[in-house]
$ cat model-v8.pdb   # PDB, C-alpha atoms, pLDDT in the B column
ATOM      1  CA  MET A 180     -79.996 -94.213-187.509  1.00 57.00           C
ATOM      2  CA  ASP A 181     -82.901 -95.944-189.201  1.00 64.00           C
ATOM      3  CA  PRO A 182     -85.553 -93.424-190.198  1.00 74.00           C
ATOM      4  CA  ILE A 183     -88.591 -93.295-187.972  1.00 86.00           C
ATOM      5  CA  THR A 184     -91.577 -93.527-190.258  1.00 88.00           C
ATOM      6  CA  ALA A 185     -94.807 -91.644-189.872  1.00 89.00           C
ATOM      7  CA  ALA A 186     -96.672 -94.958-190.100  1.00 88.00           C
ATOM      8  CA  ALA A 187     -94.708 -96.395-187.177  1.00 88.00           C
ATOM      9  CA  LEU A 188     -95.366 -93.291-185.089  1.00 91.00           C
ATOM     10  CA  ALA A 189     -99.075 -93.421-185.907  1.00 89.00           C
ATOM     11  CA  ALA A 190     -99.207 -97.098-184.956  1.00 87.00           C
ATOM     12  CA  LEU A 191     -97.550 -96.419-181.614  1.00 88.00           C
ATOM     13  CA  ALA A 192     -99.796 -93.432-180.929  1.00 87.00           C
ATOM     14  CA  GLY A 193    -102.849 -95.519-181.793  1.00 85.00           C
ATOM     15  CA  GLY A 194    -101.942 -98.152-179.242  1.00 80.00           C
ATOM     16  CA  LEU A 195    -100.892-100.854-181.682  1.00 74.00           C
ATOM     17  CA  GLY A 196     -98.370-103.183-180.175  1.00 69.00           C
ATOM     18  CA  GLY A 197    -100.205-103.504-176.877  1.00 80.00           C
ATOM     19  CA  GLU A 198     -98.252-102.848-173.717  1.00 82.00           C
ATOM     20  CA  ALA A 199     -94.917-102.671-175.528  1.00 82.00           C
ATOM     21  CA  GLY A 200     -96.309-100.053-177.897  1.00 83.00           C
ATOM     22  CA  ARG A 201     -97.750 -98.034-175.035  1.00 86.00           C
ATOM     23  CA  GLN A 202     -94.422 -98.070-173.216  1.00 89.00           C
ATOM     24  CA  ALA A 203     -92.571 -97.072-176.386  1.00 90.00           C
ATOM     25  CA  TRP A 204     -94.947 -94.143-176.887  1.00 91.00           C
ATOM     26  CA  GLN A 205     -94.458 -93.020-173.285  1.00 92.00           C
ATOM     27  CA  GLY A 206     -90.702 -93.249-173.788  1.00 93.00           C
ATOM     28  CA  LEU A 207     -90.889 -91.001-176.835  1.00 94.00           C
ATOM     29  CA  ALA A 208     -93.055 -88.478-174.991  1.00 93.00           C
ATOM     30  CA  ALA A 209     -90.509 -88.359-172.154  1.00 93.00           C
ATOM     31  CA  LEU A 210     -87.640 -88.031-174.628  1.00 94.00           C
ATOM     32  CA  VAL A 211     -89.055 -84.987-176.417  1.00 92.00           C
ATOM     33  CA  ARG A 212     -89.713 -83.284-173.074  1.00 92.00           C
ATOM     34  CA  ARG A 213     -85.974 -83.252-172.372  1.00 89.00           C
ATOM     35  CA  PRO A 214     -84.417 -79.783-172.525  1.00 84.00           C
ATOM     36  CA  PHE A 215     -83.485 -78.743-176.033  1.00 75.00           C
ATOM     37  CA  GLY A 216     -80.423 -76.608-175.362  1.00 66.00           C
ATOM     38  CA  GLN A 217     -79.989 -73.037-176.589  1.00 56.00           C
ATOM     39  CA  ARG A 218     -82.275 -73.279-179.624  1.00 57.00           C
ATOM     40  CA  THR A 219     -84.348 -70.143-178.984  1.00 59.00           C
ATOM     41  CA  GLN A 220     -84.806 -66.843-180.751  1.00 61.00           C
ATOM     42  CA  ASP A 221     -84.200 -63.471-179.076  1.00 67.00           C
ATOM     43  CA  ASP A 222     -87.798 -63.368-177.829  1.00 67.00           C
ATOM     44  CA  GLY A 223     -87.479 -66.799-176.194  1.00 63.00           C
ATOM     45  CA  THR A 224     -89.528 -68.775-178.711  1.00 62.00           C
ATOM     46  CA  PRO A 225     -87.981 -71.940-180.089  1.00 59.00           C
ATOM     47  CA  ARG A 226     -86.437 -71.795-183.568  1.00 73.00           C
ATOM     48  CA  VAL A 227     -87.367 -75.401-184.181  1.00 79.00           C
ATOM     49  CA  SER A 228     -89.803 -77.645-182.423  1.00 84.00           C
ATOM     50  CA  SER A 229     -88.716 -79.962-179.639  1.00 86.00           C
ATOM     51  CA  GLY A 230     -91.371 -82.419-180.851  1.00 90.00           C
ATOM     52  CA  GLU A 231     -93.463 -82.107-177.721  1.00 92.00           C
ATOM     53  CA  LEU A 232     -96.401 -80.363-179.393  1.00 93.00           C
ATOM     54  CA  GLU A 233     -96.293 -82.818-182.276  1.00 94.00           C
ATOM     55  CA  VAL A 234     -96.365 -85.808-179.904  1.00 94.00           C
ATOM     56  CA  ALA A 235     -99.418 -84.360-178.167  1.00 93.00           C
ATOM     57  CA  ALA A 236    -101.132 -83.633-181.484  1.00 94.00           C
ATOM     58  CA  LEU A 237    -100.592 -87.172-182.775  1.00 94.00           C
ATOM     59  CA  ALA A 238    -101.707 -88.670-179.468  1.00 92.00           C
ATOM     60  CA  GLY A 239    -104.940 -86.682-179.847  1.00 92.00           C
ATOM     61  CA  ASP A 240    -105.596 -88.028-183.347  1.00 92.00           C
ATOM     62  CA  PRO A 241    -103.400 -91.040-184.153  1.00 90.00           C
ATOM     63  CA  ALA A 242    -105.294 -91.727-187.391  1.00 89.00           C
ATOM     64  CA  ASP A 243    -104.194 -88.403-188.946  1.00 92.00           C
ATOM     65  CA  PRO A 244    -101.263 -89.170-191.288  1.00 92.00           C
ATOM     66  CA  MET A 245    -100.292 -85.502-191.500  1.00 95.00           C
ATOM     67  CA  ARG A 246     -99.788 -85.304-187.731  1.00 94.00           C
ATOM     68  CA  ALA A 247     -97.628 -88.417-187.884  1.00 93.00           C
ATOM     69  CA  GLN A 248     -95.548 -86.934-190.694  1.00 95.00           C
ATOM     70  CA  VAL A 249     -95.140 -83.628-188.856  1.00 94.00           C
ATOM     71  CA  LEU A 250     -93.861 -85.518-185.791  1.00 94.00           C
ATOM     72  CA  ALA A 251     -91.451 -87.592-187.882  1.00 94.00           C
ATOM     73  CA  THR A 252     -90.097 -84.383-189.420  1.00 93.00           C
ATOM     74  CA  ALA A 253     -89.775 -82.625-186.047  1.00 92.00           C
ATOM     75  CA  LEU A 254     -87.866 -85.601-184.635  1.00 93.00           C
ATOM     76  CA  GLY A 255     -85.550 -85.656-187.626  1.00 92.00           C
ATOM     77  CA  VAL A 256     -84.812 -81.927-187.417  1.00 90.00           C
ATOM     78  CA  ARG A 257     -84.168 -82.057-183.690  1.00 90.00           C
ATOM     79  CA  ALA A 258     -81.917 -85.083-184.101  1.00 91.00           C
ATOM     80  CA  ALA A 259     -79.933 -83.234-186.773  1.00 89.00           C
ATOM     81  CA  LEU A 260     -79.402 -80.250-184.454  1.00 87.00           C
ATOM     82  CA  ASP A 261     -78.878 -82.025-181.133  1.00 88.00           C
ATOM     83  CA  GLY A 262     -76.335 -84.859-181.062  1.00 89.00           C
ATOM     84  CA  GLU A 263     -77.320 -86.078-177.593  1.00 92.00           C
ATOM     85  CA  PHE A 264     -80.979 -86.217-178.625  1.00 92.00           C
ATOM     86  CA  ARG A 265     -80.002 -88.094-181.800  1.00 92.00           C
ATOM     87  CA  VAL A 266     -78.243 -90.793-179.747  1.00 94.00           C
ATOM     88  CA  LEU A 267     -81.156 -91.104-177.312  1.00 94.00           C
ATOM     89  CA  LEU A 268     -83.698 -91.129-180.136  1.00 94.00           C
ATOM     90  CA  ASP A 269     -81.763 -93.866-181.909  1.00 93.00           C
ATOM     91  CA  GLU A 270     -81.670 -95.947-178.702  1.00 93.00           C
ATOM     92  CA  TRP A 271     -85.407 -95.404-178.222  1.00 93.00           C
ATOM     93  CA  TRP A 272     -86.136 -96.399-181.818  1.00 92.00           C
ATOM     94  CA  GLN A 273     -84.042 -99.583-181.569  1.00 90.00           C
ATOM     95  CA  GLN A 274     -85.906-100.577-178.392  1.00 88.00           C
ATOM     96  CA  ALA A 275     -89.288 -99.747-179.945  1.00 85.00           C
ATOM     97  CA  GLN A 276     -88.516-101.899-182.970  1.00 83.00           C
ATOM     98  CA  ALA A 277     -87.259-104.769-180.824  1.00 79.00           C
ATOM     99  CA  GLY A 278     -90.341-104.599-178.613  1.00 68.00           C
ATOM    100  CA  SER A 279     -92.736-104.723-181.525  1.00 58.00           C
ATOM    101  CA  SER A 280     -91.010-107.544-183.413  1.00 53.00           C
ATOM    102  CA  GLY A 281     -91.412-110.170-180.693  1.00 52.00           C
ATOM    103  CA  GLY A 282     -95.182-110.430-180.965  1.00 54.00           C
ATOM    104  CA  ASP A 283     -95.626-112.211-184.262  1.00 56.00           C
ATOM    105  CA  VAL A 284     -97.873-115.238-184.079  1.00 61.00           C
ATOM    106  CA  HIS A 285     -98.204-117.792-186.848  1.00 62.00           C
ATOM    107  CA  ASN A 286    -100.724-120.553-186.192  1.00 66.00           C
ATOM    108  CA  SER A 287    -101.416-123.565-188.350  1.00 71.00           C
ATOM    109  CA  ILE A 288    -103.810-126.472-187.953  1.00 71.00           C
ATOM    110  CA  SER A 289    -103.381-129.562-190.061  1.00 71.00           C
ATOM    111  CA  GLY A 290    -103.927-133.272-189.911  1.00 69.00           C
ATOM    112  CA  GLY A 291    -107.646-133.614-190.402  1.00 71.00           C
ATOM    113  CA  THR A 292    -110.501-133.374-187.929  1.00 72.00           C
ATOM    114  CA  GLN A 293    -109.811-131.942-184.496  1.00 68.00           C
ATOM    115  CA  ASN A 294    -111.619-133.622-181.596  1.00 68.00           C
ATOM    116  CA  GLY A 295    -111.452-130.811-179.116  1.00 66.00           C
ATOM    117  CA  PRO A 296    -111.068-127.120-178.742  1.00 64.00           C
ATOM    118  CA  VAL A 297    -108.473-125.400-180.860  1.00 69.00           C
ATOM    119  CA  LEU A 298    -107.131-122.042-179.766  1.00 68.00           C
ATOM    120  CA  GLN A 299    -105.057-119.783-181.910  1.00 67.00           C
ATOM    121  CA  GLY A 300    -103.211-116.919-180.357  1.00 66.00           C
ATOM    122  CA  ARG A 301    -100.313-116.217-178.070  1.00 59.00           C
ATOM    123  CA  ASP A 302     -99.524-116.223-174.362  1.00 59.00           C
ATOM    124  CA  PHE A 303    -102.535-118.066-172.979  1.00 65.00           C
ATOM    125  CA  SER A 304    -102.688-118.776-169.274  1.00 63.00           C
ATOM    126  CA  SER A 305    -105.165-120.113-166.726  1.00 65.00           C
ATOM    127  CA  LEU A 306    -107.465-121.741-169.262  1.00 67.00           C
ATOM    128  CA  THR A 307    -110.065-124.262-168.213  1.00 67.00           C
ATOM    129  CA  PHE A 308    -112.202-126.343-170.518  1.00 65.00           C
ATOM    130  CA  ASN A 309    -115.286-127.934-169.016  1.00 68.00           C
ATOM    131  CA  MET A 310    -115.831-130.825-171.353  1.00 65.00           C
ATOM    132  CA  THR A 311    -117.304-134.247-170.967  1.00 70.00           C
ATOM    133  CA  ARG A 312    -115.832-136.996-173.044  1.00 70.00           C
ATOM    134  CA  THR A 313    -118.288-139.072-174.975  1.00 68.00           C
ATOM    135  CA  PRO A 314    -116.835-142.345-176.169  1.00 68.00           C
ATOM    136  CA  ALA A 315    -116.451-142.616-179.917  1.00 64.00           C
ATOM    137  CA  SER A 316    -117.553-145.799-181.663  1.00 58.00           C
ATOM    138  CA  SER A 317    -113.946-147.015-181.946  1.00 57.00           C
ATOM    139  CA  ASP A 318    -113.452-146.548-178.169  1.00 54.00           C
ATOM    140  CA  ARG A 319    -116.352-148.933-177.377  1.00 54.00           C
ATOM    141  CA  ASP A 320    -114.886-151.928-179.162  1.00 53.00           C
TER     142      ASP A 320
END
$ encode --input "model-v8.pdb" --output "structure tokens"
Amino acid sequence: MDPITAAALAALAGGLGGEAGRQAWQGLAALVRRPFGQRTQDDGTPRVSSGELEVAALAGDPADPMRAQVLATALGVRAALDGEFRVLLDEWWQQAQAGSSGGDVHNSISGGTQNGPVLQGRDFSSLTFNMTRTPASSDRD
């Protein structure tokens, strides 16, 4: 399993990645809420964290690198102790990485002067430009 970095968790918690990032974060929150087996002390308190409290803490302050690191550690410990969770966490992480890698945009404009609007971005739809064409001097000849 590729390690899940604190920076990646903080980015997801902070909403980076748009809709894909939001869905990945919701998937992680649902994953840590899954039952954590028989990992409790005699008084019923958990011996190790399920990650649920850490997810909530990072969601409350995604800019705090310590909260992100604490979550990354909690996920790693739980994955080491719970094989089923490790498999599900690995699947989640692969999907989260795949979802965030498809959004790269690289725009380039070359070839001199542009005689019209130039948009740079990704996934435009339903655009309308209300322009009137004025003939250039070469068009009049």
$ closest_residue --input "model-v8.pdb" --among "A:Phe215, A:Arg201, A:Gly193, A:Leu232" --to "Gly262 in chain A" --atoms "all atoms listed in the file"
A:Phe215
$ residues_near_point --input "model-v8.pdb" --point "(-95.2, -93.7, -174.1)" --cutoff "12 Å" --atoms "all atoms listed in the file" --output "list in words"
Leu188, Leu191, Ala192, Gly193, Gly194, Leu195, Gly196, Gly197, Glu198, Ala199, Gly200, Arg201, Gln202, Ala203, Trp204, Gln205, Gly206, Leu207, Ala208, Ala209, Leu210, Val211, Arg212, Val234, Ala235, Ala238, Trp271 and Ala275 of chain A
$ closest_residue --input "model-v8.pdb" --among "A:Val256, A:Ala251, A:Ile183, A:Ala190" --to "Asp269 in chain A" --atoms "all atoms listed in the file"
A:Ile183
$ residues_around --input "model-v8.pdb" --residues "Glu263 in chain A" --least-positions-apart "2" --cutoff "12 Å" --atoms "all atoms listed in the file" --output "list in words"
Leu210, Val211, Arg213, Pro214, Phe215, Gly216, Arg257, Ala258, Ala259, Leu260, Asp261, Arg265, Val266, Leu267, Leu268, Asp269 and Glu270 of chain A
$ resolve_selection --input "model-v8.pdb" --expression "the PyMOL selection byres ((chain A and resi 242-244) around 9)" --output "list in words"
Ala185, Ala186, Ala189, Ala190, Ala192, Gly193, Leu237, Asp240, Pro241, Met245, Arg246, Ala247, Gln248 and Val249 of chain A
$ atom_distance --input "model-v8.pdb" --atom1 "CA of Gln273 in chain A" --atom2 "CA of Arg226 in chain A"
28.0 Å
$ closest_residue --input "model-v8.pdb" --among "A:Gly255, A:Gly239, A:Gly230, A:Gly291" --to "Pro182 in chain A" --atoms "only C-alpha atoms"
A:Gly255
$ atom_distance --input "model-v8.pdb" --atom1 "CA of Val227 in chain A" --atom2 "CA of Thr184 in chain A"
19.6 Å
$ atom_distance --input "model-v8.pdb" --atom1 "CA of Trp272 in chain A" --atom2 "CA of Leu250 in chain A"
13.9 Å
$ closest_residue --input "model-v8.pdb" --among "A:Thr311, A:Gln274, A:Thr292, A:Ser228" --to "Leu254 in chain A" --atoms "only C-alpha atoms"
A:Ser228
$ axis_aligned_box --input "model-v8.pdb" --around "range 206-210 of chain A" --padding-each-side "6 Å" --output "lines of an AutoDock Vina configuration file"
center_x = -90.3
center_y = -90.6
center_z = -174.5
size_x = 17.4
size_y = 17.2
size_z = 16.7
